[in-house]
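To start, the structure itself, in structure tokens.
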Amino acid sequence: MKRGARLLILSMVLTGGLAAGLTSLVLYLRSSAIDLSTLREPITRQLKAVTGRDVKITGKISLGLSLIPTLDVEGMQIENEPWGKADYFLRVGEARIRVHLMPLLRGRVEIDSVSAKHVQGHLESDGEKRRNWNLLAEAVTQTGEAAAIPEIGKVEFTDIKVDYRELGEKAARFSLHLDTASLKNDEENGIGSFELSGKLNEDTISVSGQTAPLFTVSPEQPRQFDARIEISDIQLSLDGSVKFPFEEFTYADFSLEAPKGFTAIASSLGVELPDYGPVQIAGNITPFGEELHFGNMTAKSGDSDVNGFVIVRMEQPLRLRGELRSKFMDLDPYLPETPPTEGRIFSADEFVISFPEAGDFRLKHQAEKLKVFDQEFANSEIEAHLNSTGLLISRMDADYAGGRLVNSMNIRPQGNDLVFGLNHQVRGVDLIALIEKNDWPNYAQGKITAIFEGESRGASAAALAARLNGRLFAEITEGAIPIKLSTMLSGSIKNLFASFKNMFSGKDMEAAIECGFAGFAIQDGVAGNKALLIMTDKAVMTGKGDIDLRKEYLNFRLSPRSRDPELINLAVDVEIEGPLVAPEFRLNKGSVVKSVGATAGKTALGVALGPLGVLLGAAGSVMTGGNAAKVQCEDRREKVYQDLQKTGPWPELQALE
């Protein structure tokens, strides 16, 4: 045998022997793990230095030596923050870490796998800046400098229970129980995949997706990820980048589908939401310092749609601001349903309104069409500000019935009551359009202008009405009232108003309104009439009385006087009295002025004026000249302006002058 062949055979024998010897050594070391329990104290001391928390290990610590050494720890517990209420922050029943030996000998840590069983965690916050889980971020930084994170091939957890509560709460707000949670690295493709499943409170939850593998990185290096999350019937998709340890997104595109809405899952979390049907939301999230920007947002619920942006400042107290737009927004599903109280307008049920204990929320919303209480508005604009001191709606404007509604409102808590303030303006609303929208009898036409301001305090609508202080001025211009003879005077006065519809049949059948206005001063729930005047080219009507909102009772008298000697010579005052929900209309017999001479002969006996004729019609011309009518209108308007201004400066009223 040649010398070269002999050397080759010898090398093979030596190599085989060495391999057999190493294999035997590995098998021996694996079956004979080294007990490190005696090093429990220095190990826990080192773990405290890393986490900043006291760490206890109550069970066995062992190290199995092989090409992939394995460290097993039983009964590890990380203590809670001193201000926390839970007995501990994290408890692990069993944990195992497997490390590749050869890279370790060269000074590089490559973790083959990390696994744990029976993990219990308690997350707590004081609602301000303190959170007991901050050690997750602190563990990867050293005095602000980036700390390397080893490569991890696989992470597997089973039986994980985590709950969350804020200090002062008796029970946990959220409870998460995961049967399994894993993160695995595909070495061939360089992609990591993650998966978990379990329950959030009583709702099933599953998460799956992909991310860059956990190679050595610093907290400043973002990693790509995508995730699919399902909670009950809700699906959430995320695609973006995140900085370890998942404390800050660099960005994320998201889409959310809730085919059955949020009602069920919100209820399981202790929050009651109305059932407004399927919801779709999409957009992106980008952090800027302490802020999260939700941009390019689109949302759809039922027939409603929203798009725009929202900015959330994550530092405590939480701050949120946003600008949203809609082509159509239906607010009816979001408004609480208050069943009417029989025989009353204002409910005595106490309000259920919660203001945030901490936080500041500002929102602007524009809608081409807005639906509220089955009424549709156009080009609405809302600007609202909500915090612990109350709700301020500085702008709540919309087009309605050919005019514009301009409103502002503030609500603030005071003890068990709400202090409520409202400024309301109606600008140029078309009366015919208003009548058609509400399916009312068609008894007049014209443009309506009105201004109201008031304030009150109470815990229910009835209490607010009873304590209301304010003032109201309303005016109609460019108007007319039908005077068609259509109803027998002997008919029920309650039924007269049912015949108003479709009474316009031409100019000769209309009484043109030269001026019409009313003013009320409201004190402690009683609206006292300061003036009521409607003057047409046929008649004049004045009124006096009050509206008691405390008792929900109306007491009013309307006094018509004719300006046209050709009309039937009959002037009848009408008394309107009774509960607001069903007042009674009565003719005041003492005010009837009977016709005499030729005037009576010009009309058929038994025929009376139509409904508005009863109010606006009949005897004794008050004035004859157009200039005199104009003077009377101006004088009475000036007087009501002065009377209302005595209750305090009213710039909006001055603007009408």
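Naming works like this for the structure tokens: A, B, ... for the chains as they're shown, residue 1 at the start of each chain, ligands 1 onward in shown order.
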Show which residues sit within 6 Å of region 370-382 of chain A, as a list in words. Count only C-alpha atoms, and ignore same-chain residues fewer than 4 positions away.
-> Phe328, Met329, Asp330, Leu331, Asp332, Lys364, His365, Gln366, Arg395, Met396, Asp397, Ala398, Asp399 and Tyr400 of chain A
Please return as a PyMOL selection string: the residues of region 282-504 of chain A that backbone DSSP assigns to alpha helix (DSSP H).
-> chain A and resi 431-438+461-466+493-496
List the neighbours of region 352-363 of chain A out to 7 Å using only C-alpha atoms; skip same-chain residues closer than 5 positions along the sequence, and give me the result as a PDB file with all heavy atoms, in the first residue's frame.
```
ATOM      1  N   PRO A 317     -51.612  64.088  29.939  1.00  0.00           N
ATOM      2  CA  PRO A 317     -52.911  63.542  29.556  1.00  0.00           C
ATOM      3  C   PRO A 317     -53.041  63.431  28.042  1.00  0.00           C
ATOM      4  O   PRO A 317     -52.446  64.201  27.301  1.00  0.00           O
ATOM      5  CB  PRO A 317     -53.897  64.563  30.134  1.00  0.00           C
ATOM      6  CG  PRO A 317     -53.148  65.854  30.140  1.00  0.00           C
ATOM      7  CD  PRO A 317     -51.718  65.480  30.454  1.00  0.00           C
ATOM      8  N   LEU A 318     -53.821  62.476  27.601  1.00  0.00           N
ATOM      9  CA  LEU A 318     -53.981  62.191  26.189  1.00  0.00           C
ATOM     10  C   LEU A 318     -54.590  63.396  25.466  1.00  0.00           C
ATOM     11  O   LEU A 318     -55.535  64.012  25.949  1.00  0.00           O
ATOM     12  CB  LEU A 318     -54.885  60.975  26.011  1.00  0.00           C
ATOM     13  CG  LEU A 318     -55.062  60.447  24.591  1.00  0.00           C
ATOM     14  CD1 LEU A 318     -53.755  59.861  24.076  1.00  0.00           C
ATOM     15  CD2 LEU A 318     -56.165  59.395  24.565  1.00  0.00           C
ATOM     16  N   ARG A 319     -54.035  63.718  24.300  1.00  0.00           N
ATOM     17  CA  ARG A 319     -54.558  64.808  23.490  1.00  0.00           C
ATOM     18  C   ARG A 319     -54.885  64.289  22.094  1.00  0.00           C
ATOM     19  O   ARG A 319     -54.116  63.538  21.518  1.00  0.00           O
ATOM     20  CB  ARG A 319     -53.553  65.956  23.403  1.00  0.00           C
ATOM     21  CG  ARG A 319     -53.385  66.722  24.701  1.00  0.00           C
ATOM     22  CD  ARG A 319     -52.316  67.796  24.559  1.00  0.00           C
ATOM     23  NE  ARG A 319     -52.259  68.652  25.723  1.00  0.00           N
ATOM     24  CZ  ARG A 319     -51.583  68.378  26.827  1.00  0.00           C
ATOM     25  NH1 ARG A 319     -50.901  67.252  26.899  1.00  0.00           N
ATOM     26  NH2 ARG A 319     -51.586  69.205  27.845  1.00  0.00           N
ATOM     27  N   LEU A 320     -56.023  64.726  21.584  1.00  0.00           N
ATOM     28  CA  LEU A 320     -56.450  64.287  20.261  1.00  0.00           C
ATOM     29  C   LEU A 320     -57.021  65.477  19.499  1.00  0.00           C
ATOM     30  O   LEU A 320     -57.775  66.286  20.054  1.00  0.00           O
ATOM     31  CB  LEU A 320     -57.500  63.177  20.376  1.00  0.00           C
ATOM     32  CG  LEU A 320     -58.094  62.610  19.080  1.00  0.00           C
ATOM     33  CD1 LEU A 320     -58.449  61.143  19.269  1.00  0.00           C
ATOM     34  CD2 LEU A 320     -59.357  63.373  18.647  1.00  0.00           C
ATOM     35  N   ARG A 321     -56.661  65.583  18.246  1.00  0.00           N
ATOM     36  CA  ARG A 321     -57.288  66.567  17.376  1.00  0.00           C
ATOM     37  C   ARG A 321     -57.430  65.966  15.987  1.00  0.00           C
ATOM     38  O   ARG A 321     -56.623  65.125  15.563  1.00  0.00           O
ATOM     39  CB  ARG A 321     -56.502  67.877  17.324  1.00  0.00           C
ATOM     40  CG  ARG A 321     -55.134  67.798  16.692  1.00  0.00           C
ATOM     41  CD  ARG A 321     -54.431  69.140  16.766  1.00  0.00           C
ATOM     42  NE  ARG A 321     -53.101  69.115  16.199  1.00  0.00           N
ATOM     43  CZ  ARG A 321     -52.815  69.398  14.945  1.00  0.00           C
ATOM     44  NH1 ARG A 321     -53.791  69.720  14.119  1.00  0.00           N
ATOM     45  NH2 ARG A 321     -51.571  69.359  14.498  1.00  0.00           N
ATOM     46  N   GLY A 322     -58.461  66.376  15.281  1.00  0.00           N
ATOM     47  CA  GLY A 322     -58.689  65.805  13.964  1.00  0.00           C
ATOM     48  C   GLY A 322     -59.561  66.697  13.112  1.00  0.00           C
ATOM     49  O   GLY A 322     -60.299  67.559  13.612  1.00  0.00           O
ATOM     50  N   GLU A 323     -59.451  66.495  11.823  1.00  0.00           N
ATOM     51  CA  GLU A 323     -60.301  67.173  10.847  1.00  0.00           C
ATOM     52  C   GLU A 323     -60.857  66.109   9.913  1.00  0.00           C
ATOM     53  O   GLU A 323     -60.104  65.391   9.252  1.00  0.00           O
ATOM     54  CB  GLU A 323     -59.515  68.231  10.074  1.00  0.00           C
ATOM     55  CG  GLU A 323     -59.055  69.399  10.942  1.00  0.00           C
ATOM     56  CD  GLU A 323     -58.449  70.539  10.139  1.00  0.00           C
ATOM     57  OE1 GLU A 323     -58.615  70.520   8.888  1.00  0.00           O
ATOM     58  OE2 GLU A 323     -57.821  71.424  10.739  1.00  0.00           O
ATOM     59  N   GLU A 383     -67.277  72.294  15.021  1.00  0.00           N
ATOM     60  CA  GLU A 383     -65.996  72.390  15.709  1.00  0.00           C
ATOM     61  C   GLU A 383     -66.264  72.183  17.194  1.00  0.00           C
ATOM     62  O   GLU A 383     -67.034  72.926  17.798  1.00  0.00           O
ATOM     63  CB  GLU A 383     -65.331  73.746  15.474  1.00  0.00           C
ATOM     64  CG  GLU A 383     -64.940  73.994  14.027  1.00  0.00           C
ATOM     65  CD  GLU A 383     -64.179  75.295  13.845  1.00  0.00           C
ATOM     66  OE1 GLU A 383     -63.657  75.824  14.860  1.00  0.00           O
ATOM     67  OE2 GLU A 383     -64.109  75.784  12.705  1.00  0.00           O
ATOM     68  N   ALA A 384     -65.648  71.139  17.775  1.00  0.00           N
ATOM     69  CA  ALA A 384     -65.931  70.768  19.163  1.00  0.00           C
ATOM     70  C   ALA A 384     -64.641  70.595  19.941  1.00  0.00           C
ATOM     71  O   ALA A 384     -63.610  70.196  19.394  1.00  0.00           O
ATOM     72  CB  ALA A 384     -66.752  69.481  19.209  1.00  0.00           C
ATOM     73  N   HIS A 385     -64.721  70.874  21.235  1.00  0.00           N
ATOM     74  CA  HIS A 385     -63.580  70.744  22.151  1.00  0.00           C
ATOM     75  C   HIS A 385     -64.097  70.099  23.439  1.00  0.00           C
ATOM     76  O   HIS A 385     -65.000  70.632  24.092  1.00  0.00           O
ATOM     77  CB  HIS A 385     -62.978  72.123  22.440  1.00  0.00           C
ATOM     78  CG  HIS A 385     -61.799  72.086  23.351  1.00  0.00           C
ATOM     79  ND1 HIS A 385     -61.320  73.204  24.018  1.00  0.00           N
ATOM     80  CD2 HIS A 385     -60.982  71.061  23.730  1.00  0.00           C
ATOM     81  CE1 HIS A 385     -60.275  72.865  24.745  1.00  0.00           C
ATOM     82  NE2 HIS A 385     -60.063  71.567  24.585  1.00  0.00           N
ATOM     83  N   LEU A 386     -63.533  68.939  23.777  1.00  0.00           N
ATOM     84  CA  LEU A 386     -63.979  68.185  24.949  1.00  0.00           C
ATOM     85  C   LEU A 386     -62.804  67.935  25.879  1.00  0.00           C
ATOM     86  O   LEU A 386     -61.738  67.491  25.454  1.00  0.00           O
ATOM     87  CB  LEU A 386     -64.576  66.847  24.508  1.00  0.00           C
ATOM     88  CG  LEU A 386     -64.969  65.856  25.611  1.00  0.00           C
ATOM     89  CD1 LEU A 386     -66.135  66.397  26.433  1.00  0.00           C
ATOM     90  CD2 LEU A 386     -65.319  64.498  25.019  1.00  0.00           C
ATOM     91  N   ASN A 387     -62.993  68.240  27.168  1.00  0.00           N
ATOM     92  CA  ASN A 387     -62.013  67.879  28.197  1.00  0.00           C
ATOM     93  C   ASN A 387     -62.752  67.719  29.516  1.00  0.00           C
ATOM     94  O   ASN A 387     -63.989  67.664  29.546  1.00  0.00           O
ATOM     95  CB  ASN A 387     -60.881  68.907  28.282  1.00  0.00           C
ATOM     96  CG  ASN A 387     -61.388  70.319  28.556  1.00  0.00           C
ATOM     97  OD1 ASN A 387     -62.459  70.498  29.133  1.00  0.00           O
ATOM     98  ND2 ASN A 387     -60.628  71.310  28.140  1.00  0.00           N
ATOM     99  N   SER A 388     -62.012  67.649  30.605  1.00  0.00           N
ATOM    100  CA  SER A 388     -62.635  67.393  31.906  1.00  0.00           C
ATOM    101  C   SER A 388     -63.531  68.541  32.352  1.00  0.00           C
ATOM    102  O   SER A 388     -64.405  68.360  33.202  1.00  0.00           O
ATOM    103  CB  SER A 388     -61.558  67.131  32.960  1.00  0.00           C
ATOM    104  OG  SER A 388     -60.699  68.248  33.081  1.00  0.00           O
ATOM    105  N   GLY A 390     -65.594  70.189  30.370  1.00  0.00           N
ATOM    106  CA  GLY A 390     -66.860  70.183  29.669  1.00  0.00           C
ATOM    107  C   GLY A 390     -66.707  70.091  28.164  1.00  0.00           C
ATOM    108  O   GLY A 390     -65.622  69.825  27.632  1.00  0.00           O
TER     109      GLY A 390
END
```
Show me, as a JSON list (two decimals) with C-alpha atoms, in the first residue's frame, the residues that have an atom within 9 Å of region 456-458 of chain A when counting only C-alpha atoms, minus same-chain residues fewer than 3 positions from it.
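What landed in result-v2.json:
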```json
[["chain", "number", "residue", "atom", "x", "y", "z"],
["A", 350, "GLU", "CA", -81.43, 62.31, 34.38],
["A", 414, "GLN", "CA", -71.20, 71.25, 38.09],
["A", 416, "ASN", "CA", -74.59, 66.43, 39.75],
["A", 417, "ASP", "CA", -75.91, 69.00, 37.27],
["A", 418, "LEU", "CA", -74.95, 70.20, 33.83],
["A", 419, "VAL", "CA", -74.58, 73.89, 33.11],
["A", 420, "PHE", "CA", -75.88, 74.44, 29.61],
["A", 421, "GLY", "CA", -75.53, 77.44, 27.31],
["A", 461, "ALA", "CA", -84.25, 68.21, 30.22],
["A", 462, "ALA", "CA", -87.16, 69.11, 32.50],
["A", 463, "ALA", "CA", -84.81, 70.71, 35.04],
["A", 464, "LEU", "CA", -83.02, 72.68, 32.32],
["A", 465, "ALA", "CA", -86.35, 73.97, 30.96],
["A", 466, "ALA", "CA", -87.53, 74.98, 34.44],
["A", 467, "ARG", "CA", -84.37, 77.01, 35.11],
["A", 468, "LEU", "CA", -83.92, 78.50, 31.67],
["A", 469, "ASN", "CA", -82.97, 82.15, 31.40],
["A", 470, "GLY", "CA", -82.65, 83.73, 27.99],
["A", 524, "ASP", "CA", -86.66, 80.99, 35.46]]
```
Ala527 (chain A): which residues within 6 Å, counting only C-alpha atoms, same-chain residues fewer than 3 positions away excluded, as number ranges by chain?
-> A: 520-522, 546-547
